[in-house]
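Below is model17.pdb, holding PDB, C-alpha atoms and all ligand atoms.
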ATOM      1  CA  MET A   1     -70.677  21.204  13.196  1.00  0.00           C
ATOM      2  CA  GLU A   2     -72.126  19.694  10.036  1.00  0.00           C
ATOM      3  CA  ASN A   3     -69.957  17.765   7.608  1.00  0.00           C
ATOM      4  CA  PRO A   4     -66.522  19.101   8.541  1.00  0.00           C
ATOM      5  CA  GLN A   5     -63.960  17.998   6.010  1.00  0.00           C
ATOM      6  CA  TRP A   6     -61.510  16.391   8.437  1.00  0.00           C
ATOM      7  CA  ALA A   7     -63.643  15.542  11.427  1.00  0.00           C
ATOM      8  CA  ILE A   8     -67.059  14.146  12.336  1.00  0.00           C
ATOM      9  CA  ASP A   9     -70.582  15.524  12.129  1.00  0.00           C
ATOM     10  CA  LEU A  10     -71.142  16.806  15.655  1.00  0.00           C
ATOM     11  CA  THR A  11     -74.892  17.168  15.102  1.00  0.00           C
ATOM     12  CA  ALA A  12     -74.927  13.358  15.417  1.00  0.00           C
ATOM     13  CA  PHE A  13     -72.934  13.269  18.664  1.00  0.00           C
ATOM     14  CA  PRO A  14     -75.041  11.546  21.385  1.00  0.00           C
ATOM     15  CA  LYS A  15     -76.559  14.152  23.709  1.00  0.00           C
ATOM     16  CA  ASN A  16     -76.356  11.874  26.755  1.00  0.00           C
ATOM     17  CA  GLN A  17     -72.548  11.582  26.542  1.00  0.00           C
ATOM     18  CA  LYS A  18     -71.197  14.816  27.955  1.00  0.00           C
ATOM     19  CA  ILE A  19     -68.318  13.097  29.767  1.00  0.00           C
ATOM     20  CA  ARG A  20     -67.211  11.408  26.553  1.00  0.00           C
ATOM     21  CA  PHE A  21     -67.338  14.800  24.786  1.00  0.00           C
ATOM     22  CA  MET A  22     -65.303  16.498  27.516  1.00  0.00           C
ATOM     23  CA  ASP A  23     -62.705  13.712  27.562  1.00  0.00           C
ATOM     24  CA  SER A  24     -62.392  13.395  23.772  1.00  0.00           C
ATOM     25  CA  VAL A  25     -61.945  17.129  23.281  1.00  0.00           C
ATOM     26  CA  THR A  26     -59.667  17.608  26.295  1.00  0.00           C
ATOM     27  CA  TYR A  27     -57.338  14.670  25.707  1.00  0.00           C
ATOM     28  CA  GLY A  28     -57.803  13.960  21.992  1.00  0.00           C
ATOM     29  CA  ILE A  29     -59.037  10.778  20.371  1.00  0.00           C
ATOM     30  CA  ARG A  30     -57.839   8.780  17.365  1.00  0.00           C
ATOM     31  CA  GLY A  31     -57.531  11.363  14.538  1.00  0.00           C
ATOM     32  CA  MET A  32     -58.112  14.404  16.744  1.00  0.00           C
ATOM     33  CA  PRO A  33     -55.406  16.087  18.823  1.00  0.00           C
ATOM     34  CA  ALA A  34     -55.902  17.156  22.440  1.00  0.00           C
ATOM     35  CA  TRP A  35     -57.251  20.679  22.987  1.00  0.00           C
ATOM     36  CA  GLU A  36     -56.316  20.994  26.676  1.00  0.00           C
ATOM     37  CA  ASP A  37     -53.358  23.282  25.970  1.00  0.00           C
ATOM     38  CA  ILE A  38     -55.552  25.617  23.906  1.00  0.00           C
ATOM     39  CA  LEU A  39     -59.000  25.604  25.509  1.00  0.00           C
ATOM     40  CA  LYS A  40     -59.913  26.069  29.182  1.00  0.00           C
ATOM     41  CA  THR A  41     -62.325  23.588  30.753  1.00  0.00           C
ATOM     42  CA  GLU A  42     -65.015  26.314  30.817  1.00  0.00           C
ATOM     43  CA  GLU A  43     -64.523  26.864  27.091  1.00  0.00           C
ATOM     44  CA  ILE A  44     -64.936  23.148  26.350  1.00  0.00           C
ATOM     45  CA  GLN A  45     -68.070  23.214  28.544  1.00  0.00           C
ATOM     46  CA  ALA A  46     -69.345  26.094  26.402  1.00  0.00           C
ATOM     47  CA  LEU A  47     -68.632  24.041  23.252  1.00  0.00           C
ATOM     48  CA  TRP A  48     -70.629  21.192  24.774  1.00  0.00           C
ATOM     49  CA  THR A  49     -73.568  23.560  25.324  1.00  0.00           C
ATOM     50  CA  TYR A  50     -73.300  24.611  21.678  1.00  0.00           C
ATOM     51  CA  VAL A  51     -73.250  20.989  20.490  1.00  0.00           C
ATOM     52  CA  TYR A  52     -76.006  19.940  22.922  1.00  0.00           C
ATOM     53  CA  THR A  53     -78.355  22.700  21.847  1.00  0.00           C
ATOM     54  CA  GLY A  54     -77.693  22.169  18.152  1.00  0.00           C
ATOM     55  CA  GLY A  55     -75.660  25.309  17.478  1.00  0.00           C
ATOM     56  CA  ILE A  56     -76.661  28.331  15.438  1.00  0.00           C
ATOM     57  CA  LYS A  57     -78.762  27.631  12.394  1.00  0.00           C
TER      58      LYS A  57
HETATM   59  C1  LIG B   1     -62.375  22.696  19.283  1.00  0.00           C
HETATM   60  C2  LIG B   1     -63.050  22.248  18.241  1.00  0.00           C
HETATM   61  C3  LIG B   1     -63.397  20.774  18.163  1.00  0.00           C
HETATM   62  C4  LIG B   1     -64.296  20.096  18.913  1.00  0.00           C
HETATM   63  C5  LIG B   1     -65.203  20.637  20.007  1.00  0.00           C
HETATM   64  C6  LIG B   1     -64.255  18.718  18.455  1.00  0.00           C
HETATM   65  C7  LIG B   1     -65.037  17.693  18.973  1.00  0.00           C
HETATM   66  C8  LIG B   1     -64.959  16.374  18.584  1.00  0.00           C
HETATM   67  C9  LIG B   1     -65.723  15.297  19.153  1.00  0.00           C
HETATM   68  C10 LIG B   1     -66.731  15.441  20.286  1.00  0.00           C
HETATM   69  C11 LIG B   1     -65.376  14.172  18.522  1.00  0.00           C
HETATM   70  C12 LIG B   1     -65.934  12.763  18.776  1.00  0.00           C
HETATM   71  C13 LIG B   1     -65.120  12.070  19.808  1.00  0.00           C
HETATM   72  C14 LIG B   1     -65.755  10.772  20.257  1.00  0.00           C
HETATM   73  O1  LIG B   1     -66.158   9.968  19.404  1.00  0.00           O
HETATM   74  O2  LIG B   1     -65.823  10.551  21.486  1.00  0.00           O
HETATM   75  C15 LIG B   1     -64.399  14.511  17.517  1.00  0.00           C
HETATM   76  C16 LIG B   1     -63.791  13.629  16.653  1.00  0.00           C
HETATM   77  C17 LIG B   1     -62.860  13.958  15.707  1.00  0.00           C
HETATM   78  N1  LIG B   1     -62.303  15.195  15.513  1.00  0.00           N
HETATM   79 FE1  LIG B   1     -62.767  16.869  16.537  1.00  0.00          FE
HETATM   80  N2  LIG B   1     -63.341  18.592  17.452  1.00  0.00           N
HETATM   81  C18 LIG B   1     -62.791  19.829  17.237  1.00  0.00           C
HETATM   82  C19 LIG B   1     -61.843  20.150  16.309  1.00  0.00           C
HETATM   83  C20 LIG B   1     -61.296  19.274  15.404  1.00  0.00           C
HETATM   84  C21 LIG B   1     -60.394  19.644  14.348  1.00  0.00           C
HETATM   85  C22 LIG B   1     -59.910  21.064  14.056  1.00  0.00           C
HETATM   86  C23 LIG B   1     -60.078  18.522  13.691  1.00  0.00           C
HETATM   87  C24 LIG B   1     -59.218  18.303  12.486  1.00  0.00           C
HETATM   88  C25 LIG B   1     -58.085  18.929  12.268  1.00  0.00           C
HETATM   89  C26 LIG B   1     -60.761  17.431  14.340  1.00  0.00           C
HETATM   90  C27 LIG B   1     -60.677  16.126  13.972  1.00  0.00           C
HETATM   91  C28 LIG B   1     -61.413  15.106  14.475  1.00  0.00           C
HETATM   92  C29 LIG B   1     -61.396  13.756  13.979  1.00  0.00           C
HETATM   93  C30 LIG B   1     -60.558  13.240  12.826  1.00  0.00           C
HETATM   94  C31 LIG B   1     -62.306  13.041  14.759  1.00  0.00           C
HETATM   95  C32 LIG B   1     -62.702  11.590  14.584  1.00  0.00           C
HETATM   96  C33 LIG B   1     -61.889  10.696  15.425  1.00  0.00           C
HETATM   97  C34 LIG B   1     -62.317   9.274  15.095  1.00  0.00           C
HETATM   98  O3  LIG B   1     -63.495   8.954  15.281  1.00  0.00           O
HETATM   99  O4  LIG B   1     -61.478   8.531  14.618  1.00  0.00           O
HETATM  100  N3  LIG B   1     -61.487  17.917  15.383  1.00  0.00           N
HETATM  101  N4  LIG B   1     -64.158  15.860  17.588  1.00  0.00           N
END
Could you take the file, read its structure, and then write that structure out as structure tokens?
Amino acid sequence: MENPQWAIDLTAFPKNQKIRFMDSVTYGIRGMPAWEDILKTEEIQALWTYVYTGGIK
């Protein structure tokens, strides 16, 4: 999550914006493609839980 070369630092993603996370990842946003053909909704939910809780240190 931290300092990815081509993306954004997800540790800084606002924790009160789950819907924005789900929409951005599902449908894509600016530089990022959509993931809806690759990830199921439950998998994106699981990614949100990972981001929300701060991931594995
Ligand atoms: C499945 C894994 C990924 C997740 C969960 C993820 C999640 C996110 C999220 C939540 C944002 C912020 C969207 C917003 O501001 O609302 C973002 C932005 C972005 N992501 Fe990803 N991302 C993933 C994979 C990638 C990959 C592999 C790339 C590059 C090849 C990428 C490139 C970008 C870029 C360039 C942005 C910034 C868009 C902008 O602000 O202009 N992402 N990503």
Original post:
Which residues match the PyMOL selection byres (((not hetatm)) within 6 of (chain B and resi 1)) in the file above, as a PyMOL selection string?
Top reply: chain A and resi 6-8+20-21+24-25+29-32+47
Specify the axis-aligned box that encloses all atoms of stretch 6-14 of chain A listed in the file after padding of 5 Å on each side, stating its centre and edge lengths in Å to one decimal as JSON.
{"center_x": -68.3, "center_y": 14.4, "center_z": 14.9, "size_x": 23.5, "size_y": 15.6, "size_z": 22.9}
Subject >> Point-to-point distance in Å for atom CA of A:Tyr27 and atom CA of A:Lys57 >> reply: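 Straight-line distance from atom CA of A:Lys57 to atom CA of A:Tyr27 works out to 28.4 Å.
Between A:Gln17 and the residues A:Ile56, A:Ala34, A:Leu39, A:Val51, the shortest atom-to-atom distance, using all atoms listed in the file, involves A:Val51.
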Subject >> Output check: residues returned by the PyMOL selection byres (((chain A and resi 48) around 10) and not hetatm), as a list in words >> reply: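 Taken over the shown coordinates, the PyMOL selection byres (((chain A and resi 48) around 10) and not hetatm) returns Lys15, Gln17, Lys18, Ile19, Phe21, Met22, Val25, Glu42, Glu43, Ile44, Gln45, Ala46, Leu47, Thr49, Tyr50, Val51, Tyr52, Thr53, Gly54 and Gly55 of chain A.
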Subject >> Interatomic distance, atom CA of A:Glu36 to atom CA of A:Asp23 (Å, one decimal) >> reply: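 Answer for the atom CA of A:Glu36 to atom CA of A:Asp23 separation: 9.7 Å.
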**OP:** Have a look at atom CA of A:Leu10 and atom CA of A:Gly28 and let me know their distance in Å, one decimal.
**Re:**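 According to the coordinates, atom CA of A:Leu10 and atom CA of A:Gly28 are separated by 15.0 Å.
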Rebuild N, CA and C atoms on stretch 18-36 of chain A, as a short mmCIF file (atom, residue, chain, number, x, y, z; two decimals), in the frame of the given file?
data_model
loop_
_atom_site.label_atom_id
_atom_site.label_comp_id
_atom_site.auth_asym_id
_atom_site.auth_seq_id
_atom_site.Cartn_x
_atom_site.Cartn_y
_atom_site.Cartn_z
N LYS A 18 -72.01 13.62 27.68
CA LYS A 18 -71.20 14.82 27.96
C LYS A 18 -69.78 14.45 28.40
N ILE A 19 -69.65 13.45 29.26
CA ILE A 19 -68.32 13.10 29.77
C ILE A 19 -67.42 12.63 28.62
N ARG A 20 -67.99 11.83 27.73
CA ARG A 20 -67.21 11.41 26.55
C ARG A 20 -66.77 12.62 25.74
N PHE A 21 -67.68 13.58 25.53
CA PHE A 21 -67.34 14.80 24.79
C PHE A 21 -66.18 15.52 25.47
N MET A 22 -66.33 15.76 26.77
CA MET A 22 -65.30 16.50 27.52
C MET A 22 -63.95 15.79 27.42
N ASP A 23 -63.96 14.47 27.59
CA ASP A 23 -62.70 13.71 27.56
C ASP A 23 -62.09 13.71 26.17
N SER A 24 -62.92 13.47 25.14
CA SER A 24 -62.39 13.40 23.77
C SER A 24 -61.77 14.72 23.36
N VAL A 25 -62.45 15.82 23.69
CA VAL A 25 -61.94 17.13 23.28
C VAL A 25 -60.72 17.51 24.13
N THR A 26 -60.78 17.24 25.41
CA THR A 26 -59.67 17.61 26.30
C THR A 26 -58.40 16.84 25.96
N TYR A 27 -58.53 15.52 25.82
CA TYR A 27 -57.34 14.67 25.71
C TYR A 27 -57.06 14.19 24.30
N GLY A 28 -57.98 14.45 23.36
CA GLY A 28 -57.80 13.96 21.99
C GLY A 28 -58.32 12.54 21.86
N ILE A 29 -58.56 12.13 20.63
CA ILE A 29 -59.04 10.78 20.37
C ILE A 29 -58.72 10.43 18.92
N ARG A 30 -58.18 9.23 18.72
CA ARG A 30 -57.84 8.78 17.36
C ARG A 30 -57.29 9.93 16.49
N GLY A 31 -58.04 10.35 15.47
CA GLY A 31 -57.53 11.36 14.54
C GLY A 31 -57.49 12.78 15.07
N MET A 32 -58.04 13.02 16.26
CA MET A 32 -58.11 14.40 16.74
C MET A 32 -57.12 14.66 17.86
N PRO A 33 -56.36 15.77 17.75
CA PRO A 33 -55.41 16.09 18.82
C PRO A 33 -56.11 16.57 20.09
N ALA A 34 -55.38 16.61 21.18
CA ALA A 34 -55.90 17.16 22.44
C ALA A 34 -56.03 18.67 22.33
N TRP A 35 -57.05 19.22 22.99
CA TRP A 35 -57.25 20.68 22.99
C TRP A 35 -56.94 21.27 24.35
N GLU A 36 -56.46 20.50 25.29
CA GLU A 36 -56.32 20.99 26.68
C GLU A 36 -55.29 22.11 26.82
#
